[in-house]
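Trainee: Here you go, one structure.
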Amino acid sequence: MTDTDDSLRGLLAEWPGRFRFPGLLVALSDGAPASLEQLALAGLEGIAGDHDEYRACARLISAGEFQVAEEALAECRALATSEIEELRKRLSRRRAECLQTLLGRVQHLVDRASAADVAVVPEQDALTTLCARSWPQVEKHLRAAETALEQAVNDKRERLRERCEEAAVRDTRDGGRGGETDAMSAVAGLLESGQLRAVELLLANGASPRPVPESVPPLRGWAGAAETPSEVLRWHLNPRVRPMSYARWKPVDERGRDLLEAFDALGNNNEATAAQFARALARFLSAEDHHTPPVHRVEGGYLTTITGVFAEPETARFRPTGSVELFVAAPDAKDRPDLDLRQPYIAVGRSLQSSDSPERTSCAVLDLGHLVELVTLRSQVPVQLLRVLGRQWPLDAFTGGSVASLEALLGSEPGERWHVLHWIVDLAGLGDLTTTDALSFQAGPDLALLHLFLEFLTFPRTAARPEHGVNGVVRDWARDPLFARTVENTALTPIADSTAARVAFWAALSAAVPGQPVTLDEILLCAASVAGDDMPDDGHEPEIRRGLARLAALPLVAAADTDEVRFHRCGVLLILGGDADRKLQETLLQLTEETASARAGLGDILRPGDWRLYRHALRPGLRRYEELAASPATPAEELSTAARALTATAGELSSGVSVYGNCDLAEALREMRKSFTAYYPEVALQIHSPDSAPVAVSRAGLRVILYEVLTNAAEAAADNGEQIVRATVTPVSTEFVVDIQDSGKGLPYVEGSEYRVFRKGESTRGPDRGDGLHIARRLAREVDGDLSVRARLLGHPVLRGAHFQLLLPRVERKAG
């Protein structure tokens with residue numbers, strides 16, 4: 001660079017007309033000095049583009065040159081104030097889009113690197129900082145990282161392929177068979193898919209024999225097979241008709257042959273053949289003789305039990321008792337049975353077929369196709385059987401149905417936790433090793449979030465985006481608005497009752513990337529910059545200081561006290577941080593309103609969103625009261641009077657708003673969850689429901705019914721150790737059935753007298769109580785539904801408290 005070049009560069013840097021030349025502004029920005037030729041080309045490009053200052057700045061923003069655009073907005077005098085504001089908003093949106101793209105691409109690289117166990121990943125913190133300045137520079141670094149990772153994976157793949165070939169030669173020379181042969185048959189696909197860490201685990205199996213899911217090869221399946229399961233069974237039973245291809249499906253030993261013959265005998269449909277099949281299956285799984293299990297005649301077939309399904313050490317933890325109930329259906333039964341056995345069970349029958357439907361039920365069908373495949377395996381048959389069943393069973397079969405149960409299964413040691421999670425992901429059919437890594441990264445140490453993500457993967461609607469794959473669904477969870485809100489609520493559940501703590505949370509996320517410490521001063525400064533003139537004189541410092549200490553209750557927080565907080569590094573926090581400024585603004589406004597109300601002596605007023613307002617959903621004055629409570633201009637006396645008027649007849653059934661109409665039960669439950677969680681922060685509300693459940697009751701009427709039943713369950717759960725309430729919505733014929741269970745101590749009535757709980761004024765919780773369930777039942781019956789107490793016989797192992805069942809008439813959606 002000559003002195004002439006420096007002089008020209010200095011002149012151009014002061015030239016007012018430079019703001020019409022976006023390329024010239026980039027060339028003049030910090031970084032490698034541009035040559036005279038580069039400056040000239042940038043100027044010619046600007047002349048050809050014929051931009052004014054507004055269009056030039058918009059082009060910079062579109063190209064991702066954020067720092068240059070910010071400098072132009074700060075220095076250009078030709079832009080009007082309205083144009084600057086509009087361009088600043090556009091700059092903020094574009095920067096957020098690029099940051100989201102960066103996080104997604106980095107996570108994809110992290111997933112690939114983790115699966116291959118190579119240490120070639122970009123430095124995310126540095127790229128995040130760079131992304132705030134220039135997206136083109138970020139893309140340059142990302143492309144280099146992608147190339148380096150591809151090279152590292154290819155090099156390691158070739159080294160592992162050579163090791164696999166050597167191991168295969170040794171296995172052949174030593175006459176090895178069984179599990180080693182099965183494991184090697186799975187290696188080729190793992191190598192091609194980049195699952196190199198799994199291949200290393202397989203190769204190290206001799207020195208470290210702990211099984212991993214990848215050591216169990218998948219069933220071959222029937223896609224493209226010329227044979228059918230029924231043909232193979234016929235060939236097995238009649239040797240004279242066997243073709244040469246039968247060798248592919250021949251059972252490896254007499255246990256497999258006995259199992260197929262026992263299946264064929266089910267056509268006789270009697271107690272003896274059901275017992276014969278159960279014994280053959282148990283012997284096939286464990287290679288041991290078993291006593292004939294007791295068989296009971298039930299509607300549609302026979303019910304018995306088998307052992308051995310959870311026989312492998314790595315799967316025994318999921319069913320410590322080891323036994324699984326087996327339903328043997330009549331030979332002509334084609335529909336999957338619907339038995340209320342309170343535990344996942346197996347169904348088998350000559351005409352039963354397992355379904356490819358994404359819907360999971362407690363009944364898993366073991367059909368002939370799977371049996372024919374299983375009898376050809378030499379080892380690890382129980383794991384393969386569990387894979388068949390686990391893809392049909394609810395997730396609860398492997399998680400226990402609660403966060404506490406999942407925590408007990410995973411343990412506290414990080415390596416053990418990852419290992420058990422990997423088995424859960426595999427057996428439930430949710431993904432592979434990369435999926436396990438993605439789940440671990442997204443949820444971090446928060447097991448409630450992990451449980452939520454696992455359930456999310458079982459939702460049928462996740463199959464709507466197959467082009468992204470399972471790992472894409474985990475990585476892109478924020479694209480589902482409903483689930484994103486649920487993730488946020490779950491992450492913040494321990495501080496849901498503290499607005500000040502949520503202010504501290506969002507301010508800390510806004511101030512720094514997770515993993516870096518954030519001080520109270522930084523949080524207050526961030527809050528002040530968002531609130532502006534609306535911030536009170538004390539800056540809410542006393543409330544925010546107390547709220548900062550409350551952050552220690554969050555699993556995603558590594559450490560917190562009244563002076564500082566540091567978050568764990570995880571995907572959920574990285575995504576939530578992208579919206580931290582807006583959330584901080586909302587919670588600051590709420591904190592200001594709450595502080596003003598408290599100072600005015602209105603701390604007990606029911607604010608919009610308060611759970612208790614659902615009790616008054618049928619009262620005509622509710623809407624007016626919410627409007628008054630939402631307005632800061634409402635005088636304290638007027639609001640207090642309105643509150644007393646609204647709650648004066650709380651124990652009476654109001655007829656001010658109609659209970660007749662149509663609404664969506666699933667939507668109502670999801671909507672009410674946030675207020676429920678805020679009011680009962682220690683109680684976990686689990687909702688299992690289809691995406692839509694239209695019922696013949698008005699929205700207001702449904703809210704009152706659900707409020708009364710859920711409140712009763714929450715208060716009961718709060719009296720016990722593990723605080724859980726579960727609402728399960730099931731479509732049945734012309735109705736929707738809502739089972740509401742809690743982990744409380746149960747109803748204080750002897751068996752058979754539970755009906756007393758619906759009597760008006762009947763309560764064990766003190767005076768002025770006992771009307772809620774009475775009202776809920778009356779409303780349900782008014783719309784041709786019902787509310788009842790289920791018998792406690794064979795109760796749920798975790799939700800041992802009350803079990804209410806709500807029936808509501810179903811509304812069929814019209815096509816189109």
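Chain identifiers are assigned as A, B, and so on, following the order in which chains appear in the structure tokens; residues are numbered from 1 within each chain, and ligands are numbered from 1 in order of appearance.
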Any idea what's packed within 6 Å of A:Ser351, counting only C-alpha atoms, ignoring anything in its chain fewer than 6 positions away? Could you give it as a PyMOL selection string?

Mentor: chain A and resi 331-334

Trainee: So that I have them on file, write out the residues from the current selection with N, CA, C and O atoms, as an mmCIF file, in the first residue's frame.

Mentor:
data_model
loop_
_atom_site.group_PDB
_atom_site.id
_atom_site.type_symbol
_atom_site.label_atom_id
_atom_site.label_comp_id
_atom_site.auth_asym_id
_atom_site.auth_seq_id
_atom_site.Cartn_x
_atom_site.Cartn_y
_atom_site.Cartn_z
ATOM 1 N N PRO A 331 -57.872 -66.613 16.997
ATOM 2 C CA PRO A 331 -57.226 -66.723 15.680
ATOM 3 C C PRO A 331 -57.743 -65.741 14.643
ATOM 4 O O PRO A 331 -56.988 -65.314 13.768
ATOM 5 N N ASP A 332 -59.018 -65.366 14.709
ATOM 6 C CA ASP A 332 -59.585 -64.480 13.686
ATOM 7 C C ASP A 332 -59.533 -63.005 14.082
ATOM 8 O O ASP A 332 -59.998 -62.143 13.337
ATOM 9 N N ALA A 333 -58.973 -62.683 15.258
ATOM 10 C CA ALA A 333 -58.921 -61.288 15.715
ATOM 11 C C ALA A 333 -57.866 -60.526 14.913
ATOM 12 O O ALA A 333 -56.700 -60.924 14.861
ATOM 13 N N LYS A 334 -58.270 -59.404 14.307
ATOM 14 C CA LYS A 334 -57.354 -58.599 13.500
ATOM 15 C C LYS A 334 -57.020 -57.256 14.145
ATOM 16 O O LYS A 334 -55.979 -56.669 13.846
#

Trainee: For A:Ala397, work out the shell of residues within 10 Å, counting only C-alpha atoms and skipping chain neighbours fewer than 2 positions away, then give it as an MDAnalysis selection string.

Mentor: chainID A and resid 318:319 343:345 362 389:390 393:395 399:401 424 427:428

Trainee: Can you tell me which residues surround A:Gln353 at a distance of at most 10 Å, considering only C-alpha atoms, apart from same-chain residues fewer than 6 positions away, and format the answer as a PyMOL selection string?

Mentor: chain A and resi 333-336+347+364-370

Trainee: Could you dump the residues just selected with all heavy atoms as a PDB file, in the first residue's frame?

Mentor:
ATOM      1  N   ALA A 333     -58.973 -62.683  15.258  1.00  0.00           N
ATOM      2  CA  ALA A 333     -58.921 -61.288  15.715  1.00  0.00           C
ATOM      3  C   ALA A 333     -57.866 -60.526  14.913  1.00  0.00           C
ATOM      4  O   ALA A 333     -56.700 -60.924  14.861  1.00  0.00           O
ATOM      5  CB  ALA A 333     -58.606 -61.231  17.205  1.00  0.00           C
ATOM      6  N   LYS A 334     -58.270 -59.404  14.307  1.00  0.00           N
ATOM      7  CA  LYS A 334     -57.354 -58.599  13.500  1.00  0.00           C
ATOM      8  C   LYS A 334     -57.020 -57.256  14.145  1.00  0.00           C
ATOM      9  O   LYS A 334     -55.979 -56.669  13.846  1.00  0.00           O
ATOM     10  CB  LYS A 334     -57.948 -58.358  12.115  1.00  0.00           C
ATOM     11  CG  LYS A 334     -58.123 -59.626  11.298  1.00  0.00           C
ATOM     12  CD  LYS A 334     -58.663 -59.310   9.903  1.00  0.00           C
ATOM     13  CE  LYS A 334     -58.806 -60.588   9.086  1.00  0.00           C
ATOM     14  NZ  LYS A 334     -59.330 -60.301   7.723  1.00  0.00           N
ATOM     15  N   ASP A 335     -57.920 -56.771  15.012  1.00  0.00           N
ATOM     16  CA  ASP A 335     -57.703 -55.474  15.642  1.00  0.00           C
ATOM     17  C   ASP A 335     -56.888 -55.615  16.920  1.00  0.00           C
ATOM     18  O   ASP A 335     -57.072 -56.574  17.691  1.00  0.00           O
ATOM     19  CB  ASP A 335     -59.038 -54.797  15.965  1.00  0.00           C
ATOM     20  CG  ASP A 335     -59.828 -54.478  14.707  1.00  0.00           C
ATOM     21  OD1 ASP A 335     -59.187 -54.211  13.675  1.00  0.00           O
ATOM     22  OD2 ASP A 335     -61.077 -54.516  14.766  1.00  0.00           O
ATOM     23  N   ARG A 336     -56.022 -54.671  17.142  1.00  0.00           N
ATOM     24  CA  ARG A 336     -55.208 -54.683  18.346  1.00  0.00           C
ATOM     25  C   ARG A 336     -56.115 -54.542  19.571  1.00  0.00           C
ATOM     26  O   ARG A 336     -56.973 -53.657  19.615  1.00  0.00           O
ATOM     27  CB  ARG A 336     -54.214 -53.515  18.281  1.00  0.00           C
ATOM     28  CG  ARG A 336     -53.248 -53.477  19.436  1.00  0.00           C
ATOM     29  CD  ARG A 336     -52.073 -52.553  19.146  1.00  0.00           C
ATOM     30  NE  ARG A 336     -52.480 -51.236  18.671  1.00  0.00           N
ATOM     31  CZ  ARG A 336     -51.627 -50.314  18.265  1.00  0.00           C
ATOM     32  NH1 ARG A 336     -50.337 -50.590  18.255  1.00  0.00           N
ATOM     33  NH2 ARG A 336     -52.053 -49.135  17.863  1.00  0.00           N
ATOM     34  N   ALA A 347     -49.219 -58.430  22.605  1.00  0.00           N
ATOM     35  CA  ALA A 347     -50.350 -59.176  22.046  1.00  0.00           C
ATOM     36  C   ALA A 347     -49.842 -60.008  20.875  1.00  0.00           C
ATOM     37  O   ALA A 347     -49.027 -59.546  20.071  1.00  0.00           O
ATOM     38  CB  ALA A 347     -51.456 -58.233  21.584  1.00  0.00           C
ATOM     39  N   ALA A 364     -48.366 -53.760  22.308  1.00  0.00           N
ATOM     40  CA  ALA A 364     -47.451 -53.938  21.185  1.00  0.00           C
ATOM     41  C   ALA A 364     -47.697 -55.314  20.577  1.00  0.00           C
ATOM     42  O   ALA A 364     -47.681 -56.322  21.288  1.00  0.00           O
ATOM     43  CB  ALA A 364     -46.004 -53.817  21.643  1.00  0.00           C
ATOM     44  N   VAL A 365     -47.937 -55.352  19.279  1.00  0.00           N
ATOM     45  CA  VAL A 365     -48.239 -56.604  18.597  1.00  0.00           C
ATOM     46  C   VAL A 365     -46.940 -57.271  18.138  1.00  0.00           C
ATOM     47  O   VAL A 365     -46.097 -56.642  17.487  1.00  0.00           O
ATOM     48  CB  VAL A 365     -49.159 -56.364  17.384  1.00  0.00           C
ATOM     49  CG1 VAL A 365     -49.335 -57.650  16.583  1.00  0.00           C
ATOM     50  CG2 VAL A 365     -50.509 -55.835  17.844  1.00  0.00           C
ATOM     51  N   LEU A 366     -46.779 -58.533  18.507  1.00  0.00           N
ATOM     52  CA  LEU A 366     -45.672 -59.352  18.024  1.00  0.00           C
ATOM     53  C   LEU A 366     -46.239 -60.276  16.954  1.00  0.00           C
ATOM     54  O   LEU A 366     -46.905 -61.264  17.266  1.00  0.00           O
ATOM     55  CB  LEU A 366     -45.065 -60.150  19.177  1.00  0.00           C
ATOM     56  CG  LEU A 366     -43.900 -61.079  18.833  1.00  0.00           C
ATOM     57  CD1 LEU A 366     -42.738 -60.295  18.247  1.00  0.00           C
ATOM     58  CD2 LEU A 366     -43.454 -61.850  20.065  1.00  0.00           C
ATOM     59  N   ASP A 367     -46.024 -59.932  15.696  1.00  0.00           N
ATOM     60  CA  ASP A 367     -46.661 -60.702  14.629  1.00  0.00           C
ATOM     61  C   ASP A 367     -45.710 -61.733  14.041  1.00  0.00           C
ATOM     62  O   ASP A 367     -44.528 -61.827  14.414  1.00  0.00           O
ATOM     63  CB  ASP A 367     -47.225 -59.772  13.549  1.00  0.00           C
ATOM     64  CG  ASP A 367     -46.159 -58.914  12.885  1.00  0.00           C
ATOM     65  OD1 ASP A 367     -44.974 -59.297  12.941  1.00  0.00           O
ATOM     66  OD2 ASP A 367     -46.516 -57.863  12.305  1.00  0.00           O
ATOM     67  N   LEU A 368     -46.225 -62.513  13.097  1.00  0.00           N
ATOM     68  CA  LEU A 368     -45.458 -63.611  12.506  1.00  0.00           C
ATOM     69  C   LEU A 368     -44.206 -63.110  11.804  1.00  0.00           C
ATOM     70  O   LEU A 368     -43.152 -63.756  11.852  1.00  0.00           O
ATOM     71  CB  LEU A 368     -46.352 -64.391  11.536  1.00  0.00           C
ATOM     72  CG  LEU A 368     -45.672 -65.544  10.767  1.00  0.00           C
ATOM     73  CD1 LEU A 368     -45.119 -66.579  11.739  1.00  0.00           C
ATOM     74  CD2 LEU A 368     -46.652 -66.184   9.802  1.00  0.00           C
ATOM     75  N   GLY A 369     -44.311 -61.958  11.129  1.00  0.00           N
ATOM     76  CA  GLY A 369     -43.145 -61.437  10.426  1.00  0.00           C
ATOM     77  C   GLY A 369     -41.967 -61.220  11.352  1.00  0.00           C
ATOM     78  O   GLY A 369     -40.825 -61.583  11.036  1.00  0.00           O
ATOM     79  N   HIS A 370     -42.221 -60.641  12.511  1.00  0.00           N
ATOM     80  CA  HIS A 370     -41.145 -60.417  13.464  1.00  0.00           C
ATOM     81  C   HIS A 370     -40.639 -61.726  14.056  1.00  0.00           C
ATOM     82  O   HIS A 370     -39.430 -61.890  14.284  1.00  0.00           O
ATOM     83  CB  HIS A 370     -41.626 -59.490  14.582  1.00  0.00           C
ATOM     84  CG  HIS A 370     -41.845 -58.079  14.132  1.00  0.00           C
ATOM     85  ND1 HIS A 370     -43.011 -57.388  14.374  1.00  0.00           N
ATOM     86  CD2 HIS A 370     -41.047 -57.232  13.433  1.00  0.00           C
ATOM     87  CE1 HIS A 370     -42.906 -56.181  13.855  1.00  0.00           C
ATOM     88  NE2 HIS A 370     -41.743 -56.055  13.279  1.00  0.00           N
TER      89      HIS A 370
END

Trainee: Point out the residue among A:Tyr54, A:Phe459, A:Tyr679, A:Phe453 with the least atom-to-atom distance to A:Thr493, counting only C-alpha atoms.

Mentor: A:Tyr679

Trainee: Select from stretch 218-438 of chain A everything DSSP, run on the backbone, classes as strand (DSSP E), then give the selection as a list in words.

Mentor: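 Result set for stretch 218-438 of chain A (strand (DSSP E)): His296, Arg297, Val298, Gly301, Tyr302, Leu303, Thr304, Thr305, Ile306, Thr307, Ser323, Val324, Glu325, Leu326, Phe327, Val328, Ala329, Tyr345, Ile346, Ala347, Val348, Cys363, Ala364 and Val365 of chain A.
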